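Coordinates as given in protein-v7.pdb (PDB, C-alpha atoms and all ligand atoms):
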```pdb
ATOM      1  CA  MET A   2      -6.956   4.352   3.010  1.00  0.00           C
ATOM      2  CA  GLY A   3      -5.802   6.527   0.116  1.00  0.00           C
ATOM      3  CA  SER A   4      -7.169   9.690   1.747  1.00  0.00           C
ATOM      4  CA  ALA A   5      -5.524   8.854   5.061  1.00  0.00           C
ATOM      5  CA  ALA A   6      -2.228   8.163   3.297  1.00  0.00           C
ATOM      6  CA  ALA A   7      -2.433  11.457   1.387  1.00  0.00           C
ATOM      7  CA  ARG A   8      -2.936  13.337   4.673  1.00  0.00           C
ATOM      8  CA  VAL A   9       0.007  11.782   6.504  1.00  0.00           C
ATOM      9  CA  LEU A  10       2.368  11.801   3.546  1.00  0.00           C
ATOM     10  CA  THR A  11       1.806  15.482   2.788  1.00  0.00           C
ATOM     11  CA  ARG A  12       2.266  16.223   6.495  1.00  0.00           C
ATOM     12  CA  ALA A  13       5.602  14.373   6.298  1.00  0.00           C
ATOM     13  CA  GLY A  14       6.688  16.559   3.392  1.00  0.00           C
ATOM     14  CA  TYR A  15       5.957  14.341   0.402  1.00  0.00           C
ATOM     15  CA  GLU A  16       4.333  15.747  -2.708  1.00  0.00           C
ATOM     16  CA  VAL A  17       1.359  13.478  -3.329  1.00  0.00           C
ATOM     17  CA  LEU A  18      -0.624  12.850  -6.505  1.00  0.00           C
ATOM     18  CA  ILE A  19      -4.026  11.326  -5.772  1.00  0.00           C
ATOM     19  CA  ALA A  20      -6.335   9.560  -8.195  1.00  0.00           C
ATOM     20  CA  ASN A  21      -9.571   7.669  -7.894  1.00  0.00           C
ATOM     21  CA  ARG A  22     -12.192   6.116 -10.154  1.00  0.00           C
ATOM     22  CA  ARG A  23     -14.659   9.033 -10.348  1.00  0.00           C
ATOM     23  CA  GLY A  24     -12.164  11.583 -11.616  1.00  0.00           C
ATOM     24  CA  ARG A  25     -10.280  14.589 -10.310  1.00  0.00           C
ATOM     25  CA  VAL A  26     -13.296  16.876  -9.734  1.00  0.00           C
ATOM     26  CA  SER A  27     -14.535  14.434  -7.094  1.00  0.00           C
ATOM     27  CA  LEU A  28     -11.199  14.865  -5.287  1.00  0.00           C
ATOM     28  CA  THR A  29     -11.695  18.626  -4.765  1.00  0.00           C
ATOM     29  CA  PRO A  30     -13.000  18.370  -1.161  1.00  0.00           C
ATOM     30  CA  LEU A  31      -9.999  16.245  -0.132  1.00  0.00           C
ATOM     31  CA  VAL A  32      -7.538  18.512  -1.940  1.00  0.00           C
ATOM     32  CA  ASP A  33      -9.098  21.585  -0.300  1.00  0.00           C
ATOM     33  CA  GLU A  34      -8.958  19.916   3.111  1.00  0.00           C
ATOM     34  CA  ILE A  35      -5.283  18.896   2.803  1.00  0.00           C
ATOM     35  CA  GLY A  36      -4.095  22.103   1.191  1.00  0.00           C
ATOM     36  CA  SER A  37      -0.632  22.335  -0.314  1.00  0.00           C
ATOM     37  CA  GLY A  38       1.334  19.230  -1.217  1.00  0.00           C
ATOM     38  CA  VAL A  39      -1.462  17.258  -2.839  1.00  0.00           C
ATOM     39  CA  VAL A  40      -2.350  17.294  -6.523  1.00  0.00           C
ATOM     40  CA  PRO A  41      -5.430  15.656  -8.092  1.00  0.00           C
ATOM     41  CA  ALA A  42      -4.490  13.379 -10.969  1.00  0.00           C
ATOM     42  CA  ASN A  43      -5.660  10.482 -13.060  1.00  0.00           C
ATOM     43  CA  ALA A  44      -4.284   6.965 -12.769  1.00  0.00           C
ATOM     44  CA  ALA A  45      -1.764   7.359 -15.611  1.00  0.00           C
ATOM     45  CA  GLU A  46      -0.396  10.589 -14.129  1.00  0.00           C
ATOM     46  CA  ALA A  47      -0.160   9.100 -10.645  1.00  0.00           C
ATOM     47  CA  ALA A  48       1.694   6.129 -12.127  1.00  0.00           C
ATOM     48  CA  GLY A  49       4.545   8.493 -13.025  1.00  0.00           C
ATOM     49  CA  ALA A  50       5.459   8.956  -9.366  1.00  0.00           C
ATOM     50  CA  PRO A  51       8.538   7.134  -8.061  1.00  0.00           C
ATOM     51  CA  ILE A  52       6.464   5.478  -5.315  1.00  0.00           C
ATOM     52  CA  VAL A  53       2.906   4.409  -6.141  1.00  0.00           C
ATOM     53  CA  LEU A  54       0.492   3.293  -3.412  1.00  0.00           C
ATOM     54  CA  LEU A  55      -2.268   0.904  -4.442  1.00  0.00           C
ATOM     55  CA  ALA A  56      -5.209   1.521  -2.099  1.00  0.00           C
ATOM     56  CA  VAL A  57      -8.210   0.184  -3.975  1.00  0.00           C
ATOM     57  CA  PRO A  58     -10.379  -2.886  -3.483  1.00  0.00           C
ATOM     58  CA  PHE A  59      -8.365  -5.911  -4.594  1.00  0.00           C
ATOM     59  CA  ASP A  60     -10.806  -6.716  -7.373  1.00  0.00           C
ATOM     60  CA  ALA A  61     -10.148  -3.263  -8.885  1.00  0.00           C
ATOM     61  CA  VAL A  62      -6.367  -3.739  -9.075  1.00  0.00           C
ATOM     62  CA  ALA A  63      -6.245  -5.264 -12.571  1.00  0.00           C
ATOM     63  CA  GLU A  64      -8.387  -2.501 -14.089  1.00  0.00           C
ATOM     64  CA  LEU A  65      -6.432   0.205 -12.273  1.00  0.00           C
ATOM     65  CA  LEU A  66      -3.068  -1.193 -13.423  1.00  0.00           C
ATOM     66  CA  GLU A  67      -4.368  -1.178 -16.971  1.00  0.00           C
ATOM     67  CA  ASP A  68      -5.385   2.482 -16.622  1.00  0.00           C
ATOM     68  CA  MET A  69      -1.960   3.280 -15.167  1.00  0.00           C
ATOM     69  CA  GLY A  70      -0.130   1.756 -18.126  1.00  0.00           C
ATOM     70  CA  PRO A  71       3.327   0.173 -18.014  1.00  0.00           C
ATOM     71  CA  LEU A  72       5.312   1.265 -14.963  1.00  0.00           C
ATOM     72  CA  PRO A  73       8.924   2.427 -15.293  1.00  0.00           C
ATOM     73  CA  ALA A  74      11.354  -0.216 -14.016  1.00  0.00           C
ATOM     74  CA  ALA A  75      12.397   2.054 -11.139  1.00  0.00           C
ATOM     75  CA  THR A  76       8.853   2.486  -9.777  1.00  0.00           C
ATOM     76  CA  VAL A  77       8.196   1.136  -6.312  1.00  0.00           C
ATOM     77  CA  LEU A  78       4.635  -0.173  -6.163  1.00  0.00           C
ATOM     78  CA  VAL A  79       3.314  -0.323  -2.606  1.00  0.00           C
ATOM     79  CA  ASP A  80       0.523  -2.853  -2.329  1.00  0.00           C
ATOM     80  CA  ALA A  81      -1.787  -1.927   0.552  1.00  0.00           C
ATOM     81  CA  THR A  82      -4.656  -4.017  -0.780  1.00  0.00           C
ATOM     82  CA  ASN A  83      -6.220  -7.011   0.923  1.00  0.00           C
ATOM     83  CA  ALA A  84      -7.648  -9.873  -1.115  1.00  0.00           C
ATOM     84  CA  TRP A  85     -10.548 -10.645   1.188  1.00  0.00           C
ATOM     85  CA  GLY A  86     -12.237 -12.822  -1.387  1.00  0.00           C
ATOM     86  CA  GLY A  87      -9.064 -14.548  -2.588  1.00  0.00           C
ATOM     87  CA  TRP A  88      -7.375 -14.010  -5.928  1.00  0.00           C
ATOM     88  CA  ASP A  89      -6.852 -15.903  -9.148  1.00  0.00           C
ATOM     89  CA  ALA A  90      -3.568 -17.594  -8.355  1.00  0.00           C
ATOM     90  CA  VAL A  91      -1.383 -18.333 -11.356  1.00  0.00           C
ATOM     91  CA  GLY A  92       1.284 -21.016 -11.116  1.00  0.00           C
ATOM     92  CA  GLY A  93       2.921 -21.080  -7.706  1.00  0.00           C
ATOM     93  CA  GLU A  94       1.687 -17.748  -6.338  1.00  0.00           C
ATOM     94  CA  ALA A  95       1.532 -17.857  -2.561  1.00  0.00           C
ATOM     95  CA  GLY A  96      -0.117 -14.525  -1.840  1.00  0.00           C
ATOM     96  CA  SER A  97      -2.072 -11.665  -3.311  1.00  0.00           C
ATOM     97  CA  SER A  98       0.961  -9.364  -3.585  1.00  0.00           C
ATOM     98  CA  GLU A  99       2.663 -11.899  -5.826  1.00  0.00           C
ATOM     99  CA  ALA A 100      -0.498 -11.697  -7.927  1.00  0.00           C
ATOM    100  CA  VAL A 101      -0.235  -7.890  -7.929  1.00  0.00           C
ATOM    101  CA  ALA A 102       3.414  -8.140  -9.059  1.00  0.00           C
ATOM    102  CA  ARG A 103       2.358 -10.442 -11.874  1.00  0.00           C
ATOM    103  CA  MET A 104      -0.528  -8.152 -12.902  1.00  0.00           C
ATOM    104  CA  ALA A 105       1.890  -5.204 -12.807  1.00  0.00           C
ATOM    105  CA  GLY A 106       4.267  -6.931 -15.210  1.00  0.00           C
ATOM    106  CA  GLY A 107       6.893  -7.812 -12.640  1.00  0.00           C
ATOM    107  CA  ALA A 108       6.993  -4.384 -10.985  1.00  0.00           C
ATOM    108  CA  ARG A 109       8.935  -3.907  -7.753  1.00  0.00           C
ATOM    109  CA  VAL A 110       6.065  -4.574  -5.351  1.00  0.00           C
ATOM    110  CA  VAL A 111       6.303  -3.863  -1.645  1.00  0.00           C
ATOM    111  CA  LYS A 112       3.531  -5.283   0.506  1.00  0.00           C
ATOM    112  CA  ALA A 113       2.927  -2.671   3.189  1.00  0.00           C
ATOM    113  CA  LEU A 114       0.204  -0.894   5.161  1.00  0.00           C
ATOM    114  CA  CYS A 115      -2.350  -3.591   4.303  1.00  0.00           C
ATOM    115  CA  THR A 116      -2.268  -4.760   7.929  1.00  0.00           C
ATOM    116  CA  VAL A 117      -2.790  -1.273   9.388  1.00  0.00           C
ATOM    117  CA  HIS A 118      -6.177   0.381   9.855  1.00  0.00           C
ATOM    118  CA  ALA A 119      -6.482   3.687   8.002  1.00  0.00           C
ATOM    119  CA  ASN A 120      -7.228   5.484  11.297  1.00  0.00           C
ATOM    120  CA  ARG A 121      -3.841   4.375  12.611  1.00  0.00           C
ATOM    121  CA  LEU A 122      -1.950   6.146   9.795  1.00  0.00           C
ATOM    122  CA  GLY A 123      -2.610   9.492  11.435  1.00  0.00           C
ATOM    123  CA  SER A 124      -1.286   8.380  14.834  1.00  0.00           C
ATOM    124  CA  PRO A 125       1.404   5.742  14.273  1.00  0.00           C
ATOM    125  CA  ASP A 126       2.776   6.316  17.799  1.00  0.00           C
ATOM    126  CA  GLY A 127       6.059   4.580  16.945  1.00  0.00           C
ATOM    127  CA  LEU A 128       4.318   1.250  16.420  1.00  0.00           C
ATOM    128  CA  GLY A 129       5.974  -1.559  14.514  1.00  0.00           C
ATOM    129  CA  VAL A 130       4.641  -2.162  11.022  1.00  0.00           C
ATOM    130  CA  PRO A 131       5.510  -5.097   8.763  1.00  0.00           C
ATOM    131  CA  LEU A 132       6.510  -4.742   5.138  1.00  0.00           C
ATOM    132  CA  ALA A 133       7.717  -7.267   2.607  1.00  0.00           C
ATOM    133  CA  ALA A 134       9.322  -7.237  -0.818  1.00  0.00           C
ATOM    134  CA  ASP A 135      11.552  -9.347  -2.990  1.00  0.00           C
ATOM    135  CA  ASP A 136      13.608  -6.308  -4.045  1.00  0.00           C
ATOM    136  CA  PRO A 137      15.826  -5.068  -1.175  1.00  0.00           C
ATOM    137  CA  ASP A 138      16.154  -1.530  -2.547  1.00  0.00           C
ATOM    138  CA  ALA A 139      12.394  -1.174  -2.900  1.00  0.00           C
ATOM    139  CA  ARG A 140      11.979  -2.532   0.626  1.00  0.00           C
ATOM    140  CA  ALA A 141      14.489   0.007   1.951  1.00  0.00           C
ATOM    141  CA  THR A 142      12.712   2.846   0.138  1.00  0.00           C
ATOM    142  CA  VAL A 143       9.389   1.997   1.752  1.00  0.00           C
ATOM    143  CA  SER A 144      11.031   1.430   5.144  1.00  0.00           C
ATOM    144  CA  ARG A 145      12.327   5.006   4.971  1.00  0.00           C
ATOM    145  CA  LEU A 146       8.875   6.285   4.027  1.00  0.00           C
ATOM    146  CA  LEU A 147       7.216   4.410   6.912  1.00  0.00           C
ATOM    147  CA  THR A 148       9.830   5.721   9.329  1.00  0.00           C
ATOM    148  CA  ARG A 149       9.281   9.251   8.082  1.00  0.00           C
ATOM    149  CA  ILE A 150       5.553   9.059   8.840  1.00  0.00           C
ATOM    150  CA  GLY A 151       6.172   7.735  12.352  1.00  0.00           C
ATOM    151  CA  PHE A 152       6.163   3.925  12.189  1.00  0.00           C
ATOM    152  CA  ARG A 153       8.969   1.489  13.098  1.00  0.00           C
ATOM    153  CA  PRO A 154       9.165  -0.768  10.025  1.00  0.00           C
ATOM    154  CA  VAL A 155       9.966  -4.457  10.383  1.00  0.00           C
ATOM    155  CA  GLU A 156      11.124  -5.993   7.115  1.00  0.00           C
ATOM    156  CA  ILE A 157      10.106  -9.439   5.863  1.00  0.00           C
ATOM    157  CA  PRO A 158      12.532 -10.603   3.165  1.00  0.00           C
ATOM    158  CA  SER A 159      10.092 -11.732   0.466  1.00  0.00           C
ATOM    159  CA  LEU A 160       6.490 -11.444  -0.686  1.00  0.00           C
ATOM    160  CA  ARG A 161       6.254 -15.201  -0.332  1.00  0.00           C
ATOM    161  CA  ALA A 162       7.342 -15.169   3.304  1.00  0.00           C
ATOM    162  CA  ALA A 163       4.728 -12.512   4.061  1.00  0.00           C
ATOM    163  CA  ALA A 164       1.857 -14.127   2.185  1.00  0.00           C
ATOM    164  CA  ASP A 165       0.195 -15.860   5.125  1.00  0.00           C
ATOM    165  CA  LEU A 166       1.619 -13.555   7.797  1.00  0.00           C
ATOM    166  CA  MET A 167       0.166 -10.326   6.377  1.00  0.00           C
ATOM    167  CA  ALA A 168      -3.008 -11.724   4.806  1.00  0.00           C
ATOM    168  CA  PRO A 169      -6.407 -10.685   6.169  1.00  0.00           C
ATOM    169  CA  GLU A 170      -6.945 -12.601   9.392  1.00  0.00           C
ATOM    170  CA  GLY A 171      -3.282 -13.660   9.331  1.00  0.00           C
ATOM    171  CA  PRO A 172      -1.166 -13.360  12.498  1.00  0.00           C
ATOM    172  CA  LEU A 173       0.074  -9.813  11.769  1.00  0.00           C
ATOM    173  CA  PHE A 174      -3.215  -8.363  10.569  1.00  0.00           C
ATOM    174  CA  GLY A 175      -4.436  -5.399  12.585  1.00  0.00           C
ATOM    175  CA  LEU A 176      -1.791  -5.777  15.287  1.00  0.00           C
ATOM    176  CA  THR A 177      -0.752  -2.759  17.318  1.00  0.00           C
ATOM    177  CA  LEU A 178       2.605  -3.855  18.699  1.00  0.00           C
ATOM    178  CA  ASP A 179       5.882  -2.100  19.244  1.00  0.00           C
ATOM    179  CA  GLU A 180       8.795  -3.038  17.007  1.00  0.00           C
ATOM    180  CA  ASP A 181      10.294  -5.699  19.300  1.00  0.00           C
ATOM    181  CA  ALA A 182       6.946  -7.362  19.945  1.00  0.00           C
ATOM    182  CA  LEU A 183       6.207  -7.365  16.227  1.00  0.00           C
ATOM    183  CA  ARG A 184       9.574  -9.028  15.489  1.00  0.00           C
ATOM    184  CA  ALA A 185       8.788 -11.648  18.135  1.00  0.00           C
ATOM    185  CA  GLN A 186       5.345 -12.221  16.642  1.00  0.00           C
ATOM    186  CA  ILE A 187       6.885 -12.698  13.181  1.00  0.00           C
ATOM    187  CA  SER A 188       9.441 -15.183  14.542  1.00  0.00           C
ATOM    188  CA  THR A 189       6.842 -17.271  16.336  1.00  0.00           C
ATOM    189  CA  SER A 190       4.399 -17.184  13.415  1.00  0.00           C
ATOM    190  CA  ARG A 191       6.851 -18.471  10.801  1.00  0.00           C
TER     191      ARG A 191
HETATM  192  N1  LIG B   1      -9.691   1.098   5.197  1.00  0.00           N
HETATM  193  C1  LIG B   1      -8.682   0.568   5.879  1.00  0.00           C
HETATM  194  O1  LIG B   1      -8.545   0.782   7.113  1.00  0.00           O
HETATM  195  C2  LIG B   1      -7.662  -0.278   5.160  1.00  0.00           C
HETATM  196  C3  LIG B   1      -6.514  -0.664   5.865  1.00  0.00           C
HETATM  197  C4  LIG B   1      -5.542  -1.418   5.210  1.00  0.00           C
HETATM  198  C5  LIG B   1      -5.723  -1.793   3.884  1.00  0.00           C
HETATM  199  N2  LIG B   1      -6.871  -1.414   3.226  1.00  0.00           N
HETATM  200  C6  LIG B   1      -7.026  -1.854   1.835  1.00  0.00           C
HETATM  201  O2  LIG B   1      -7.000  -0.699   1.023  1.00  0.00           O
HETATM  202  C7  LIG B   1      -7.861  -0.898  -0.103  1.00  0.00           C
HETATM  203  C8  LIG B   1      -8.879   0.238  -0.156  1.00  0.00           C
HETATM  204  O3  LIG B   1      -9.658   0.186   1.022  1.00  0.00           O
HETATM  205  P1  LIG B   1     -10.536   1.439   1.470  1.00  0.00           P
HETATM  206  O4  LIG B   1     -11.087   1.095   2.792  1.00  0.00           O
HETATM  207  O5  LIG B   1      -9.760   2.684   1.320  1.00  0.00           O
HETATM  208  O6  LIG B   1     -11.689   1.394   0.383  1.00  0.00           O
HETATM  209  P2  LIG B   1     -12.686   2.574  -0.080  1.00  0.00           P
HETATM  210  O7  LIG B   1     -12.885   3.546   1.036  1.00  0.00           O
HETATM  211  O8  LIG B   1     -13.853   1.883  -0.674  1.00  0.00           O
HETATM  212  O9  LIG B   1     -11.868   3.337  -1.211  1.00  0.00           O
HETATM  213  C9  LIG B   1     -11.561   2.678  -2.400  1.00  0.00           C
HETATM  214  C10 LIG B   1     -10.917   3.688  -3.319  1.00  0.00           C
HETATM  215  O10 LIG B   1     -10.521   2.991  -4.496  1.00  0.00           O
HETATM  216  C11 LIG B   1     -10.914   3.768  -5.626  1.00  0.00           C
HETATM  217  N3  LIG B   1     -11.096   2.889  -6.775  1.00  0.00           N
HETATM  218  C12 LIG B   1     -11.897   1.812  -6.864  1.00  0.00           C
HETATM  219  N4  LIG B   1     -11.780   1.260  -8.092  1.00  0.00           N
HETATM  220  C13 LIG B   1     -10.893   2.009  -8.772  1.00  0.00           C
HETATM  221  C14 LIG B   1     -10.369   1.960 -10.076  1.00  0.00           C
HETATM  222  N5  LIG B   1     -10.703   1.016 -10.934  1.00  0.00           N
HETATM  223  N6  LIG B   1      -9.478   2.904 -10.447  1.00  0.00           N
HETATM  224  C15 LIG B   1      -9.102   3.890  -9.575  1.00  0.00           C
HETATM  225  N7  LIG B   1      -9.571   3.981  -8.320  1.00  0.00           N
HETATM  226  C16 LIG B   1     -10.457   3.048  -7.931  1.00  0.00           C
HETATM  227  C17 LIG B   1     -12.187   4.436  -5.195  1.00  0.00           C
HETATM  228  O11 LIG B   1     -12.430   5.540  -6.031  1.00  0.00           O
HETATM  229  P3  LIG B   1     -13.847   6.313  -5.966  1.00  0.00           P
HETATM  230  O12 LIG B   1     -13.852   7.035  -4.644  1.00  0.00           O
HETATM  231  O13 LIG B   1     -13.797   7.234  -7.135  1.00  0.00           O
HETATM  232  O14 LIG B   1     -14.899   5.247  -6.056  1.00  0.00           O
HETATM  233  C18 LIG B   1     -11.854   4.815  -3.751  1.00  0.00           C
HETATM  234  O15 LIG B   1     -11.147   6.034  -3.723  1.00  0.00           O
HETATM  235  C19 LIG B   1      -8.501  -2.283   0.090  1.00  0.00           C
HETATM  236  O16 LIG B   1      -7.788  -3.244  -0.652  1.00  0.00           O
HETATM  237  C20 LIG B   1      -8.364  -2.526   1.581  1.00  0.00           C
HETATM  238  O17 LIG B   1      -8.336  -3.908   1.923  1.00  0.00           O
HETATM  239  C21 LIG B   1      -7.836  -0.672   3.833  1.00  0.00           C
END
```

Would you kindly transcribe this structure into structure tokens?
Amino acid sequence: MGSAAARVLTRAGYEVLIANRRGRVSLTPLVDEIGSGVVPANAAEAAGAPIVLLAVPFDAVAELLEDMGPLPAATVLVDATNAWGGWDAVGGEAGSSEAVARMAGGARVVKALCTVHANRLGSPDGLGVPLAADDPDARATVSRLLTRIGFRPVEIPSLRAAADLMAPEGPLFGLTLDEDALRAQISTSR
């Protein structure tokens, strides 16, 4: 998912820092393939970007966030992870992205791209794609990014409202619908 995102984002004109677990040398083939616009980094360096995409197995999120260190308040943290095996809910958490926000110290989390197969990132074909966040500015930022790479974003007003909708095997997971059909699906699924 991270590789696919790096390809489409650089193509759309973003400068992308990429990091993984094995270290930057292991990223050389991907960097060579993509060419300009992508820079190998470590987690702490990548965490300095204004928009950070989490594309790791859900059970690696806590460790990764620790490696990233505290995020600046302005950072938009895009959570593309799926908690296939569940998560350790704390208090009234209703979904894994609320758990990510908690683990990230209350960062501005936007749940997005978790419902989309990585192969689809390269050919969005104007399809509708759901995203959710509690912070309207963060939501708008990611809506613009999704539009720029060729999707038609459909906003869900809170992480809580999206918890069941966007979860693995939820009603929006893996859908390939146009924007209007996606809006209709969201309305009927609520
Ligand atoms: N694949 C899809 O189509 C798709 C679609 C939507 C959402 N997602 C979600 O995206 C996430 C990643 O899925 P994937 O299919 O891309 O998995 P993947 O191919 O196994 O890639 C996982 C990546 O996470 C990195 N990673 C693992 N632990 C890490 C850590 N502690 N610190 C830094 N990097 C770490 C790995 O680094 P190394 O390469 O160094 O091991 C690898 O680059 C999952 O939550 C998945 O549910 C996937």

Translate the PyMOL selection byres (((chain A and resi 186) around 12) and not hetatm) into a concrete residue list for this structure, as a PDB file with C-alpha atoms, in the frame of the given file.
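And here is the file that came out, selection-v7.pdb:
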```pdb
ATOM      1  CA  GLY A 129       5.974  -1.559  14.514  1.00  0.00           C
ATOM      2  CA  VAL A 130       4.641  -2.162  11.022  1.00  0.00           C
ATOM      3  CA  PRO A 131       5.510  -5.097   8.763  1.00  0.00           C
ATOM      4  CA  VAL A 155       9.966  -4.457  10.383  1.00  0.00           C
ATOM      5  CA  LEU A 166       1.619 -13.555   7.797  1.00  0.00           C
ATOM      6  CA  MET A 167       0.166 -10.326   6.377  1.00  0.00           C
ATOM      7  CA  GLY A 171      -3.282 -13.660   9.331  1.00  0.00           C
ATOM      8  CA  PRO A 172      -1.166 -13.360  12.498  1.00  0.00           C
ATOM      9  CA  LEU A 173       0.074  -9.813  11.769  1.00  0.00           C
ATOM     10  CA  PHE A 174      -3.215  -8.363  10.569  1.00  0.00           C
ATOM     11  CA  LEU A 176      -1.791  -5.777  15.287  1.00  0.00           C
ATOM     12  CA  THR A 177      -0.752  -2.759  17.318  1.00  0.00           C
ATOM     13  CA  LEU A 178       2.605  -3.855  18.699  1.00  0.00           C
ATOM     14  CA  ASP A 179       5.882  -2.100  19.244  1.00  0.00           C
ATOM     15  CA  GLU A 180       8.795  -3.038  17.007  1.00  0.00           C
ATOM     16  CA  ASP A 181      10.294  -5.699  19.300  1.00  0.00           C
ATOM     17  CA  ALA A 182       6.946  -7.362  19.945  1.00  0.00           C
ATOM     18  CA  LEU A 183       6.207  -7.365  16.227  1.00  0.00           C
ATOM     19  CA  ARG A 184       9.574  -9.028  15.489  1.00  0.00           C
ATOM     20  CA  ALA A 185       8.788 -11.648  18.135  1.00  0.00           C
ATOM     21  CA  ILE A 187       6.885 -12.698  13.181  1.00  0.00           C
ATOM     22  CA  SER A 188       9.441 -15.183  14.542  1.00  0.00           C
ATOM     23  CA  THR A 189       6.842 -17.271  16.336  1.00  0.00           C
ATOM     24  CA  SER A 190       4.399 -17.184  13.415  1.00  0.00           C
ATOM     25  CA  ARG A 191       6.851 -18.471  10.801  1.00  0.00           C
TER      26      ARG A 191
END
```

For the PyMOL selection byres (((not hetatm)) within 6 of (chain B and resi 1)), applied here, can you spell out every residue it catches as a compact mmCIF listing (two decimals) with C-alpha atoms, keeping the file's coordinate frame?
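The result, stored in result-v9.txt:
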```
# COMPACT_ATOMS: atom_id res chain seq x y z
CA MET A 2 -6.96 4.35 3.01
CA GLY A 3 -5.80 6.53 0.12
CA ASN A 21 -9.57 7.67 -7.89
CA ARG A 22 -12.19 6.12 -10.15
CA ARG A 23 -14.66 9.03 -10.35
CA ALA A 56 -5.21 1.52 -2.10
CA VAL A 57 -8.21 0.18 -3.98
CA PRO A 58 -10.38 -2.89 -3.48
CA PHE A 59 -8.36 -5.91 -4.59
CA ALA A 61 -10.15 -3.26 -8.88
CA GLU A 64 -8.39 -2.50 -14.09
CA LEU A 65 -6.43 0.20 -12.27
CA ALA A 81 -1.79 -1.93 0.55
CA THR A 82 -4.66 -4.02 -0.78
CA ASN A 83 -6.22 -7.01 0.92
CA LEU A 114 0.20 -0.89 5.16
CA CYS A 115 -2.35 -3.59 4.30
CA THR A 116 -2.27 -4.76 7.93
CA VAL A 117 -2.79 -1.27 9.39
CA HIS A 118 -6.18 0.38 9.86
CA ALA A 119 -6.48 3.69 8.00
```

Neighbouring residues of Ala42 of chain A were defined as those with any atom within 12 Å, considering all atoms listed in the file; residues of the same chain fewer than 2 positions away were excluded. Please report them as a PDB file with C-alpha atoms, keeping the file's coordinate frame.
```
ATOM      1  CA  VAL A  17       1.359  13.478  -3.329  1.00  0.00           C
ATOM      2  CA  LEU A  18      -0.624  12.850  -6.505  1.00  0.00           C
ATOM      3  CA  ILE A  19      -4.026  11.326  -5.772  1.00  0.00           C
ATOM      4  CA  ALA A  20      -6.335   9.560  -8.195  1.00  0.00           C
ATOM      5  CA  ASN A  21      -9.571   7.669  -7.894  1.00  0.00           C
ATOM      6  CA  ARG A  22     -12.192   6.116 -10.154  1.00  0.00           C
ATOM      7  CA  ARG A  23     -14.659   9.033 -10.348  1.00  0.00           C
ATOM      8  CA  GLY A  24     -12.164  11.583 -11.616  1.00  0.00           C
ATOM      9  CA  ARG A  25     -10.280  14.589 -10.310  1.00  0.00           C
ATOM     10  CA  VAL A  26     -13.296  16.876  -9.734  1.00  0.00           C
ATOM     11  CA  SER A  27     -14.535  14.434  -7.094  1.00  0.00           C
ATOM     12  CA  LEU A  28     -11.199  14.865  -5.287  1.00  0.00           C
ATOM     13  CA  THR A  29     -11.695  18.626  -4.765  1.00  0.00           C
ATOM     14  CA  VAL A  32      -7.538  18.512  -1.940  1.00  0.00           C
ATOM     15  CA  VAL A  39      -1.462  17.258  -2.839  1.00  0.00           C
ATOM     16  CA  VAL A  40      -2.350  17.294  -6.523  1.00  0.00           C
ATOM     17  CA  ALA A  44      -4.284   6.965 -12.769  1.00  0.00           C
ATOM     18  CA  ALA A  45      -1.764   7.359 -15.611  1.00  0.00           C
ATOM     19  CA  GLU A  46      -0.396  10.589 -14.129  1.00  0.00           C
ATOM     20  CA  ALA A  47      -0.160   9.100 -10.645  1.00  0.00           C
ATOM     21  CA  ALA A  48       1.694   6.129 -12.127  1.00  0.00           C
ATOM     22  CA  GLY A  49       4.545   8.493 -13.025  1.00  0.00           C
ATOM     23  CA  ALA A  50       5.459   8.956  -9.366  1.00  0.00           C
ATOM     24  CA  MET A  69      -1.960   3.280 -15.167  1.00  0.00           C
TER      25      MET A  69
END
```

Legend entry - Neighbours of point (9.0, 3.1, -6.0) within 7 Å, using only C-alpha atoms, written as a list in words: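 Residues close enough to count: Pro51, Ile52, Val53, Ala75, Thr76, Val77, Leu78 and Ala139 of chain A.
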
Inset, instruction - May I ask which of the residues A:Ser97, A:Pro125, A:Ile150, A:Arg140 is the closest one to Val111 of chain A, counting all atoms listed in the file? - result: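 Nearest to Val111 of chain A: A:Arg140.
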
Legend entry - d(atom CA of Ser124 of chain A, atom CA of Ala162 of chain A) in Å: 27.6 Å

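Of note, atom CA of Pro41 of chain A and atom CA of Ala5 of chain A are spaced 14.8 Å apart.
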
Legend entry - Closest of A:Val91, A:Leu54, A:Ala74, A:Leu132 to Leu10 of chain A - atom-to-atom distances counting all atoms listed in the file: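 Smallest distance to Leu10 of chain A is found for A:Leu54.
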
Legend entry - Target residues per the PyMOL selection byres (((chain A and resi 103) around 12) and not hetatm), formatted as JSON, numbers by chain: {"A": [62, 63, 66, 78, 88, 89, 90, 91, 92, 93, 94, 95, 96, 97, 98, 99, 100, 101, 102, 104, 105, 106, 107, 108, 109, 110, 160]}

Produce a file of the selected residues containing C-alpha atoms, as a compact mmCIF listing (two decimals), in the frame of the given file.
```txt
# COMPACT_ATOMS: atom_id res chain seq x y z
CA VAL A 62 -6.37 -3.74 -9.07
CA ALA A 63 -6.24 -5.26 -12.57
CA LEU A 66 -3.07 -1.19 -13.42
CA LEU A 78 4.64 -0.17 -6.16
CA TRP A 88 -7.38 -14.01 -5.93
CA ASP A 89 -6.85 -15.90 -9.15
CA ALA A 90 -3.57 -17.59 -8.36
CA VAL A 91 -1.38 -18.33 -11.36
CA GLY A 92 1.28 -21.02 -11.12
CA GLY A 93 2.92 -21.08 -7.71
CA GLU A 94 1.69 -17.75 -6.34
CA ALA A 95 1.53 -17.86 -2.56
CA GLY A 96 -0.12 -14.52 -1.84
CA SER A 97 -2.07 -11.66 -3.31
CA SER A 98 0.96 -9.36 -3.58
CA GLU A 99 2.66 -11.90 -5.83
CA ALA A 100 -0.50 -11.70 -7.93
CA VAL A 101 -0.24 -7.89 -7.93
CA ALA A 102 3.41 -8.14 -9.06
CA MET A 104 -0.53 -8.15 -12.90
CA ALA A 105 1.89 -5.20 -12.81
CA GLY A 106 4.27 -6.93 -15.21
CA GLY A 107 6.89 -7.81 -12.64
CA ALA A 108 6.99 -4.38 -10.98
CA ARG A 109 8.94 -3.91 -7.75
CA VAL A 110 6.06 -4.57 -5.35
CA LEU A 160 6.49 -11.44 -0.69
```
